[in-house]
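For reference, run02.cif (mmCIF, C-alpha atoms):
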```
data_data
loop_
_atom_site.label_atom_id
_atom_site.label_comp_id
_atom_site.auth_asym_id
_atom_site.auth_seq_id
_atom_site.Cartn_x
_atom_site.Cartn_y
_atom_site.Cartn_z
CA MET V 1 183.91 140.72 66.78
CA ALA V 2 186.34 143.61 67.19
CA ILE V 3 187.91 141.97 70.26
CA ALA V 4 188.39 138.75 68.30
CA ALA V 5 190.10 140.67 65.48
CA ILE V 6 192.50 142.33 67.94
CA ASP V 7 193.34 138.96 69.45
CA VAL V 8 194.13 137.51 66.05
CA GLY V 9 196.44 140.45 65.37
CA ASN V 10 198.12 139.99 68.72
CA ILE V 11 198.66 136.28 68.12
CA LEU V 12 200.09 137.07 64.70
CA VAL V 13 202.52 139.62 66.16
CA TRP V 14 203.57 137.11 68.82
CA ALA V 15 204.14 134.44 66.16
CA ILE V 16 206.23 136.80 64.04
CA TRP V 17 208.16 137.95 67.10
CA ILE V 18 208.98 134.40 68.20
CA GLY V 19 210.06 133.48 64.69
CA ALA V 20 212.21 136.59 64.27
CA ALA V 21 213.78 136.39 67.74
CA GLY V 22 214.52 132.68 67.30
CA ALA V 23 216.08 133.32 63.90
CA LEU V 24 218.05 136.23 65.38
CA LEU V 25 219.59 134.18 68.18
CA ALA V 26 220.14 131.12 65.98
CA SER V 27 221.85 133.13 63.25
CA GLY V 28 223.90 134.98 65.89
CA LEU V 29 225.11 131.61 67.16
CA ALA V 30 225.78 130.52 63.58
CA VAL V 31 227.94 133.62 62.93
CA VAL V 32 230.05 132.71 65.96
CA LEU V 33 230.19 128.94 65.46
CA PHE V 34 230.72 128.42 61.70
CA SER V 35 234.35 127.63 61.02
CA SER V 36 234.37 129.24 57.58
CA PRO V 37 234.10 133.05 57.45
CA PHE V 38 232.03 132.77 54.29
CA TYR V 39 229.27 130.81 56.04
CA SER V 40 229.49 133.23 58.96
CA THR V 41 228.84 136.09 56.53
CA LEU V 42 225.81 134.27 55.14
CA ALA V 43 224.55 133.81 58.72
CA LEU V 44 225.12 137.53 59.29
CA ILE V 45 222.70 138.27 56.43
CA MET V 46 220.07 136.14 58.18
CA ASN V 47 220.87 137.96 61.44
CA LEU V 48 220.38 141.37 59.81
CA ALA V 49 217.13 140.31 58.16
CA SER V 50 215.63 139.01 61.41
CA VAL V 51 216.70 142.09 63.38
CA ALA V 52 215.03 144.21 60.67
CA VAL V 53 211.80 142.29 61.32
CA LEU V 54 212.06 143.16 65.02
CA TYR V 55 212.63 146.82 64.07
CA LEU V 56 209.42 146.70 62.04
CA LEU V 57 207.54 145.34 65.06
CA LEU V 58 208.96 148.27 67.07
CA ALA V 59 207.55 150.82 64.59
CA ALA V 60 210.99 151.71 63.18
CA GLU V 61 210.28 151.21 59.49
CA PHE V 62 212.91 153.57 58.19
CA VAL V 63 215.64 152.11 60.41
CA ALA V 64 214.68 148.61 59.21
CA ALA V 65 214.94 149.67 55.56
CA ALA V 66 218.24 151.49 56.14
CA GLN V 67 219.57 148.50 58.08
CA VAL V 68 218.92 146.14 55.18
CA LEU V 69 220.36 148.64 52.66
CA VAL V 70 223.46 149.59 54.63
CA TYR V 71 224.35 146.16 55.98
CA ALA V 72 223.11 143.69 53.40
CA GLY V 73 223.79 146.10 50.57
CA ALA V 74 227.19 147.44 51.58
CA VAL V 75 228.86 145.84 54.59
CA VAL V 76 228.10 142.22 53.74
CA ILE V 77 229.13 142.72 50.10
CA MET V 78 232.42 144.15 51.35
CA PHE V 79 232.94 141.14 53.61
CA VAL V 80 232.21 138.76 50.75
CA PHE V 81 234.70 140.58 48.49
CA VAL V 82 237.44 140.50 51.13
CA ILE V 83 236.84 136.81 51.86
CA GLY V 84 236.97 136.13 48.13
CA TYR V 85 240.19 138.14 47.84
CA LEU V 86 241.85 136.37 50.76
CA GLY V 87 240.77 132.92 49.56
CA TYR V 88 242.22 130.05 51.60
CA ARG V 89 244.04 132.53 53.88
CA ALA V 90 240.67 133.56 55.32
CA GLU V 91 240.25 130.10 56.84
CA ALA V 92 241.31 129.93 60.46
CA PRO V 93 241.10 127.28 63.15
CA TRP V 94 237.90 127.47 65.17
CA ALA V 95 239.12 128.74 68.48
CA GLY V 96 242.32 129.36 70.28
CA GLY V 97 243.97 129.68 73.57
CA PRO V 98 244.28 127.37 76.52
CA PRO V 99 241.11 125.92 78.13
CA LEU V 100 241.37 128.59 80.81
CA GLN V 101 240.61 131.23 78.17
CA THR V 102 237.57 129.29 77.01
CA VAL V 103 236.23 129.03 80.55
CA ALA V 104 236.91 132.73 81.17
CA ALA V 105 235.16 133.72 77.95
CA ILE V 106 232.11 131.64 78.78
CA ALA V 107 232.04 133.06 82.34
CA ALA V 108 232.34 136.63 81.03
CA VAL V 109 229.53 136.37 78.48
CA GLY V 110 227.37 134.45 80.96
CA ALA V 111 227.86 137.29 83.43
CA ILE V 112 226.85 139.90 80.84
CA ALA V 113 223.71 138.01 79.86
CA ALA V 114 222.73 137.10 83.42
CA GLU V 115 223.25 140.65 84.62
CA VAL V 116 220.92 142.16 82.03
CA VAL V 117 218.28 139.46 82.42
CA VAL V 118 218.30 139.75 86.22
CA VAL V 119 218.16 143.56 86.15
CA ILE V 120 215.26 143.47 83.69
CA GLY V 121 213.48 140.80 85.70
CA LEU V 122 213.95 142.29 89.17
CA LYS V 123 214.06 146.03 88.73
CA ALA V 124 212.94 147.23 85.34
CA ALA V 125 210.13 144.92 84.22
CA GLY V 126 207.51 146.91 86.12
CA ARG V 127 208.48 150.08 84.28
CA LEU V 128 208.67 148.39 80.89
CA THR V 129 205.17 146.91 80.80
CA THR V 130 203.26 149.89 79.41
CA SER V 131 204.84 151.56 76.42
CA ALA V 132 204.02 155.08 75.25
CA GLU V 133 201.27 155.57 72.71
CA ILE V 134 202.72 156.57 69.35
CA SER V 135 201.24 158.12 66.26
CA GLY V 136 201.42 156.51 62.84
CA ALA V 137 204.20 158.94 61.86
CA PHE V 138 206.60 157.49 64.47
CA GLY V 139 209.67 156.04 62.75
CA SER V 140 208.62 157.24 59.31
CA PRO V 141 211.17 158.85 56.95
CA GLN V 142 209.57 162.28 57.50
CA GLU V 143 209.89 161.99 61.25
CA ILE V 144 213.50 160.72 61.06
CA GLY V 145 214.40 163.49 58.63
CA ARG V 146 212.82 166.12 60.85
CA LEU V 147 214.70 164.82 63.91
CA PHE V 148 217.98 164.69 62.00
CA LEU V 149 217.76 168.18 60.53
CA GLU V 150 216.13 169.97 63.45
CA ASP V 151 217.20 168.32 66.71
CA HIS V 152 220.33 166.38 65.80
CA LEU V 153 221.97 168.36 63.04
CA LEU V 154 225.42 168.17 64.65
CA ALA V 155 225.19 164.38 65.00
CA PHE V 156 224.15 164.19 61.34
CA GLU V 157 227.16 166.21 60.18
CA VAL V 158 229.60 164.40 62.48
CA THR V 159 228.31 161.08 61.10
CA SER V 160 229.10 162.23 57.58
CA ILE V 161 232.63 163.23 58.63
CA VAL V 162 233.13 159.83 60.31
CA LEU V 163 232.07 158.08 57.11
CA LEU V 164 234.39 160.26 55.02
CA VAL V 165 237.36 159.60 57.30
CA ALA V 166 236.61 155.86 57.27
CA ALA V 167 236.47 155.88 53.46
CA VAL V 168 239.84 157.67 53.23
CA GLY V 169 241.31 155.34 55.86
CA GLY V 170 240.06 152.28 54.00
CA ILE V 171 241.69 153.48 50.79
CA ILE V 172 244.99 154.21 52.54
CA LEU V 173 245.00 150.82 54.27
CA GLY V 174 244.05 149.01 51.10
CA ALA V 175 246.52 150.83 48.87
CA SER V 176 249.66 148.95 47.90
CA LEU V 177 252.50 149.04 50.39
CA PRO V 178 255.48 151.37 49.96
CA SER V 179 258.49 149.71 48.34
CA GLU V 180 260.66 149.51 51.48
CA GLN V 181 257.90 147.70 53.37
CA ARG V 182 257.42 145.36 50.45
CA ALA V 183 261.12 144.46 50.59
CA GLU V 184 260.75 143.60 54.27
CA ALA V 185 257.60 141.59 53.78
CA PRO V 186 259.10 138.17 52.86
CA GLN V 187 261.46 138.31 55.80
CA ASP V 188 258.52 139.26 57.98
CA ALA V 189 256.53 136.27 56.77
CA GLU V 190 259.31 133.82 57.68
CA ARG V 191 259.39 134.93 61.27
CA MET W 1 201.39 147.74 71.75
CA MET W 2 200.71 144.27 70.40
CA GLY W 3 202.98 141.30 70.94
CA PRO W 4 205.58 141.00 73.69
CA GLY W 5 206.60 143.95 75.84
CA ILE W 6 209.83 145.89 75.65
CA ALA W 7 211.50 143.70 78.29
CA ALA W 8 211.40 140.72 75.91
CA TYR W 9 213.20 142.72 73.20
CA VAL W 10 215.85 143.87 75.66
CA VAL W 11 216.43 140.31 76.89
CA VAL W 12 216.82 139.05 73.30
CA SER W 13 219.22 141.91 72.65
CA ALA W 14 221.28 141.01 75.75
CA LEU W 15 221.44 137.34 74.76
CA LEU W 16 222.53 138.26 71.22
CA PHE W 17 225.17 140.62 72.63
CA ALA W 18 226.50 137.86 74.89
CA ILE W 19 226.63 135.31 72.06
CA ALA W 20 228.53 137.74 69.84
CA ALA W 21 230.86 138.75 72.67
CA PHE W 22 231.71 135.06 73.07
CA GLY W 23 232.63 135.02 69.38
CA VAL W 24 234.87 138.07 69.76
CA LEU W 25 236.64 136.52 72.74
CA MET W 26 237.02 132.99 71.39
CA ARG W 27 237.51 133.06 67.65
CA ARG W 28 240.97 133.36 66.11
CA SER W 29 239.99 134.47 62.60
CA PRO W 30 239.97 138.30 62.49
CA LEU W 31 237.21 138.16 59.87
CA ILE W 32 234.89 136.31 62.23
CA ILE W 33 235.85 138.64 65.08
CA LEU W 34 234.75 141.55 62.88
CA LEU W 35 231.51 139.76 61.97
CA SER W 36 230.82 139.11 65.66
CA LEU W 37 231.46 142.78 66.38
CA GLU W 38 228.84 143.69 63.80
CA VAL W 39 226.39 141.39 65.59
CA MET W 40 227.26 143.06 68.92
CA LEU W 41 226.53 146.49 67.44
CA ASN W 42 223.25 145.11 66.08
CA ALA W 43 222.28 143.89 69.54
CA GLY W 44 222.97 147.36 70.93
CA ASN W 45 220.88 148.87 68.13
CA LEU W 46 217.99 146.55 68.96
CA ALA W 47 217.99 147.77 72.57
CA LEU W 48 218.11 151.40 71.39
CA ILE W 49 215.16 150.90 69.05
CA ALA W 50 213.21 149.03 71.73
CA PHE W 51 213.67 151.83 74.28
CA SER W 52 212.88 154.40 71.59
CA ARG W 53 209.55 152.64 71.02
CA HIS W 54 208.95 152.34 74.75
CA TRP W 55 209.27 156.08 75.41
CA GLY W 56 207.66 157.04 72.12
CA ASP W 57 210.70 159.20 71.36
CA GLY W 58 212.49 159.07 68.02
CA ASP W 59 215.90 160.01 69.44
CA GLY W 60 216.81 156.34 69.96
CA GLN W 61 216.36 155.74 66.25
CA ILE W 62 218.72 158.62 65.48
CA PHE W 63 221.24 156.97 67.82
CA ALA W 64 220.75 153.71 65.94
CA PHE W 65 221.62 155.47 62.68
CA ALA W 66 224.82 156.83 64.24
CA VAL W 67 225.71 153.30 65.42
CA MET W 68 225.04 151.97 61.93
CA ALA W 69 227.41 154.57 60.42
CA VAL W 70 230.07 153.65 62.98
CA ALA W 71 229.57 149.96 62.20
CA ALA W 72 230.04 150.60 58.48
CA SER W 73 233.19 152.66 59.15
CA GLU W 74 234.52 149.99 61.48
CA ALA W 75 233.98 147.32 58.84
CA VAL W 76 235.85 149.41 56.23
CA VAL W 77 238.84 150.07 58.48
CA GLY W 78 238.85 146.56 59.94
CA LEU W 79 238.74 144.88 56.55
CA GLY W 80 241.47 147.24 55.29
CA LEU W 81 243.65 146.22 58.24
CA ILE W 82 242.92 142.52 57.65
CA VAL W 83 243.92 142.81 53.98
CA ALA W 84 247.10 144.72 54.90
CA VAL W 85 248.00 142.16 57.59
CA SER W 86 247.38 139.24 55.25
CA ARG W 87 249.68 140.87 52.67
CA LEU W 88 252.45 141.30 55.21
CA HIS W 89 252.16 137.98 57.02
CA GLY W 90 250.10 135.71 54.80
CA ASP W 91 248.66 134.20 57.97
CA LEU W 92 245.44 135.40 59.56
CA ASP W 93 245.43 134.23 63.14
CA VAL W 94 245.07 136.84 65.84
CA ASP W 95 247.04 134.71 68.29
CA LYS W 96 250.06 134.76 65.96
CA LEU W 97 249.96 138.49 65.20
CA ALA W 98 252.58 139.79 67.59
CA SER W 99 254.22 142.51 65.50
CA LEU W 100 253.44 145.15 68.10
CA ARG W 101 254.85 143.12 70.98
CA GLY W 102 257.92 144.77 72.50
#
```

Starting from the file, lay out its structure as structure tokens.
Amino acid sequence: MAIAAIDVGNILVWAIWIGAAGALLASGLAVVLFSSPFYSTLALIMNLASVAVLYLLLAAEFVAAAQVLVYAGAVVIMFVFVIGYLGYRAEAPWAGGPPLQTVAAIAAVGAIAAEVVVVIGLKAAGRLTTSAEISGAFGSPQEIGRLFLEDHLLAFEVTSIVLLVAAVGGIILGASLPSEQRAEAPQDAER
Amino acid sequence: MMGPGIAAYVVVSALLFAIAAFGVLMRRSPLIILLSLEVMLNAGNLALIAFSRHWGDGDGQIFAFAVMAVAASEAVVGLGLIVAVSRLHGDLDVDKLASLRG
């Protein structure tokens, strides 16, 4: 009876994993292939949601929650605002460059993917079969907080400085242009 | 650990990274290049979290948080640049942005 229950759980996890991984790859493709940036942003939300499901399966509950909050709550909203602000200017032709560039891009990404898959298949799969046993506290907010404030305090503080600098940089970039640059702008646009 | 092993997660992460890298290389809209970059960072995060689970060590999750903060910063600066460029040029096509060319 207990064995049967474990099997049902395993099948359920497999089903969720296949659904989430399929949605992840499909929405990743959709981000790249949609011609409108707005639809790409919507696909990015799907991408973030399905990667959060995979995080949950990997016992990283707090990262999954933070992922949804930070990305779906902040980054995606920012993208949507900028796309709304740019309006028709946000639309761009699908792809560019001569066919040689297309072939080179496909070859490059194929090489990246093939390399990882081959390395995993030939060398690493034997070492990746049995994962460490973890306690229920693994990935919980307490555990993450303890790691941040005890083992990785410097990383924590540097992260806050990076965010502060990015916020200041965003404001400076978004602020209105100085008057001399504004005078040059129309001439710049004609070029 | 129930479900697929860590290798399956890493392979999915590599495929996602490759798909997004294709977007960064091919697309001409800077907005979609930024979105694809976010997906690339997500793929890296997925590998970090998978290896963190594999070794039973929370450090990978701390790394993932750092990557998330960098991704948010990158989106802020990137979108600020895109807005500034669109104000100057009115045209958002990375192939036509040649202001820095000598």

Could you write out as a ChimeraX atom specification the residues of chain V within 6 Å of chain W, counting only C-alpha atoms? /V:10,13-14,25,32,37,58,92,95-96,109,113,117,128-129,131-132,134,163,166,170,173-174,185,189

What's around region 71-81 of chain V at 7 Å? Count all atoms listed in the file, leave out sequence neighbours fewer than 2 positions away in its own chain, and write the answer as a VMD selection string. (chain V and resid 38 41 45 67 to 69 83 to 85) or (chain W and resid 72 75)

Which distance in Å separates CA of Ile112 (chain V) and CA of Gly44 (chain W), to one decimal?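 Taking CA of Ile112 (chain V) as the start and CA of Gly44 (chain W) as the end point, the length is 13.0 Å.
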
Distance CA of Ala43 (chain V)-CA of Leu86 (chain V), one decimal place?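 CA of Leu86 (chain V) lies 19.2 Å from CA of Ala43 (chain V).
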
Residues returned when the PyMOL selection byres ((chain V and resi 136-144) around 6) runs on this file, as number ranges by chain: V: 59-62, 135, 145-147

Between CA of Leu56 (chain V) and CA of Ile120 (chain V), what is the distance in Å, rounded to a tenth? 22.7 Å

Would you mind writing region 69-95 of chain W with N, CA and C atoms, as a JSON list (two decimals), in the coordinates of the input?
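Output saved as out-v3.json:
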```
[["chain", "number", "residue", "atom", "x", "y", "z"],
["W", 69, "ALA", "N", 226.32, 153.92, 61.15],
["W", 69, "ALA", "CA", 227.41, 154.57, 60.42],
["W", 69, "ALA", "C", 228.75, 154.16, 61.00],
["W", 70, "VAL", "N", 228.82, 154.08, 62.34],
["W", 70, "VAL", "CA", 230.07, 153.65, 62.98],
["W", 70, "VAL", "C", 230.38, 152.21, 62.61],
["W", 71, "ALA", "N", 229.34, 151.36, 62.56],
["W", 71, "ALA", "CA", 229.57, 149.96, 62.20],
["W", 71, "ALA", "C", 230.11, 149.84, 60.79],
["W", 72, "ALA", "N", 229.56, 150.65, 59.87],
["W", 72, "ALA", "CA", 230.04, 150.60, 58.48],
["W", 72, "ALA", "C", 231.49, 151.07, 58.42],
["W", 73, "SER", "N", 231.82, 152.16, 59.15],
["W", 73, "SER", "CA", 233.19, 152.66, 59.15],
["W", 73, "SER", "C", 234.14, 151.62, 59.74],
["W", 74, "GLU", "N", 233.69, 150.99, 60.82],
["W", 74, "GLU", "CA", 234.52, 149.99, 61.48],
["W", 74, "GLU", "C", 234.79, 148.81, 60.55],
["W", 75, "ALA", "N", 233.77, 148.42, 59.77],
["W", 75, "ALA", "CA", 233.98, 147.32, 58.84],
["W", 75, "ALA", "C", 234.99, 147.71, 57.78],
["W", 76, "VAL", "N", 234.90, 148.96, 57.27],
["W", 76, "VAL", "CA", 235.85, 149.41, 56.23],
["W", 76, "VAL", "C", 237.27, 149.37, 56.76],
["W", 77, "VAL", "N", 237.48, 150.00, 57.94],
["W", 77, "VAL", "CA", 238.84, 150.07, 58.48],
["W", 77, "VAL", "C", 239.34, 148.69, 58.89],
["W", 78, "GLY", "N", 238.45, 147.91, 59.52],
["W", 78, "GLY", "CA", 238.85, 146.56, 59.94],
["W", 78, "GLY", "C", 239.23, 145.68, 58.77],
["W", 79, "LEU", "N", 238.42, 145.71, 57.71],
["W", 79, "LEU", "CA", 238.74, 144.88, 56.55],
["W", 79, "LEU", "C", 240.01, 145.37, 55.87],
["W", 80, "GLY", "N", 240.22, 146.71, 55.85],
["W", 80, "GLY", "CA", 241.47, 147.24, 55.29],
["W", 80, "GLY", "C", 242.67, 146.74, 56.07],
["W", 81, "LEU", "N", 242.55, 146.73, 57.39],
["W", 81, "LEU", "CA", 243.65, 146.22, 58.24],
["W", 81, "LEU", "C", 243.88, 144.74, 57.98],
["W", 82, "ILE", "N", 242.77, 143.97, 57.85],
["W", 82, "ILE", "CA", 242.92, 142.52, 57.65],
["W", 82, "ILE", "C", 243.64, 142.26, 56.33],
["W", 83, "VAL", "N", 243.26, 143.01, 55.28],
["W", 83, "VAL", "CA", 243.92, 142.81, 53.98],
["W", 83, "VAL", "C", 245.39, 143.18, 54.08],
["W", 84, "ALA", "N", 245.70, 144.31, 54.77],
["W", 84, "ALA", "CA", 247.10, 144.72, 54.90],
["W", 84, "ALA", "C", 247.89, 143.69, 55.68],
["W", 85, "VAL", "N", 247.30, 143.16, 56.78],
["W", 85, "VAL", "CA", 248.00, 142.16, 57.59],
["W", 85, "VAL", "C", 248.23, 140.89, 56.79],
["W", 86, "SER", "N", 247.23, 140.48, 56.01],
["W", 86, "SER", "CA", 247.38, 139.24, 55.25],
["W", 86, "SER", "C", 248.44, 139.41, 54.17],
["W", 87, "ARG", "N", 248.62, 140.65, 53.65],
["W", 87, "ARG", "CA", 249.68, 140.87, 52.67],
["W", 87, "ARG", "C", 251.05, 140.77, 53.32],
["W", 88, "LEU", "N", 251.15, 141.29, 54.53],
["W", 88, "LEU", "CA", 252.45, 141.30, 55.21],
["W", 88, "LEU", "C", 252.81, 139.91, 55.73],
["W", 89, "HIS", "N", 251.85, 139.22, 56.32],
["W", 89, "HIS", "CA", 252.16, 137.98, 57.02],
["W", 89, "HIS", "C", 251.69, 136.74, 56.27],
["W", 90, "GLY", "N", 250.65, 136.87, 55.49],
["W", 90, "GLY", "CA", 250.10, 135.71, 54.80],
["W", 90, "GLY", "C", 249.35, 134.78, 55.73],
["W", 91, "ASP", "N", 249.30, 135.09, 57.01],
["W", 91, "ASP", "CA", 248.66, 134.20, 57.97],
["W", 91, "ASP", "C", 247.70, 135.03, 58.80],
["W", 92, "LEU", "N", 246.44, 134.62, 58.82],
["W", 92, "LEU", "CA", 245.44, 135.40, 59.56],
["W", 92, "LEU", "C", 245.05, 134.64, 60.81],
["W", 93, "ASP", "N", 245.77, 134.86, 61.87],
["W", 93, "ASP", "CA", 245.43, 134.23, 63.14],
["W", 93, "ASP", "C", 245.79, 135.24, 64.21],
["W", 94, "VAL", "N", 244.79, 135.73, 64.92],
["W", 94, "VAL", "CA", 245.07, 136.84, 65.84],
["W", 94, "VAL", "C", 246.04, 136.43, 66.94],
["W", 95, "ASP", "N", 246.11, 135.13, 67.23],
["W", 95, "ASP", "CA", 247.04, 134.71, 68.29],
["W", 95, "ASP", "C", 248.49, 134.79, 67.81]]
```
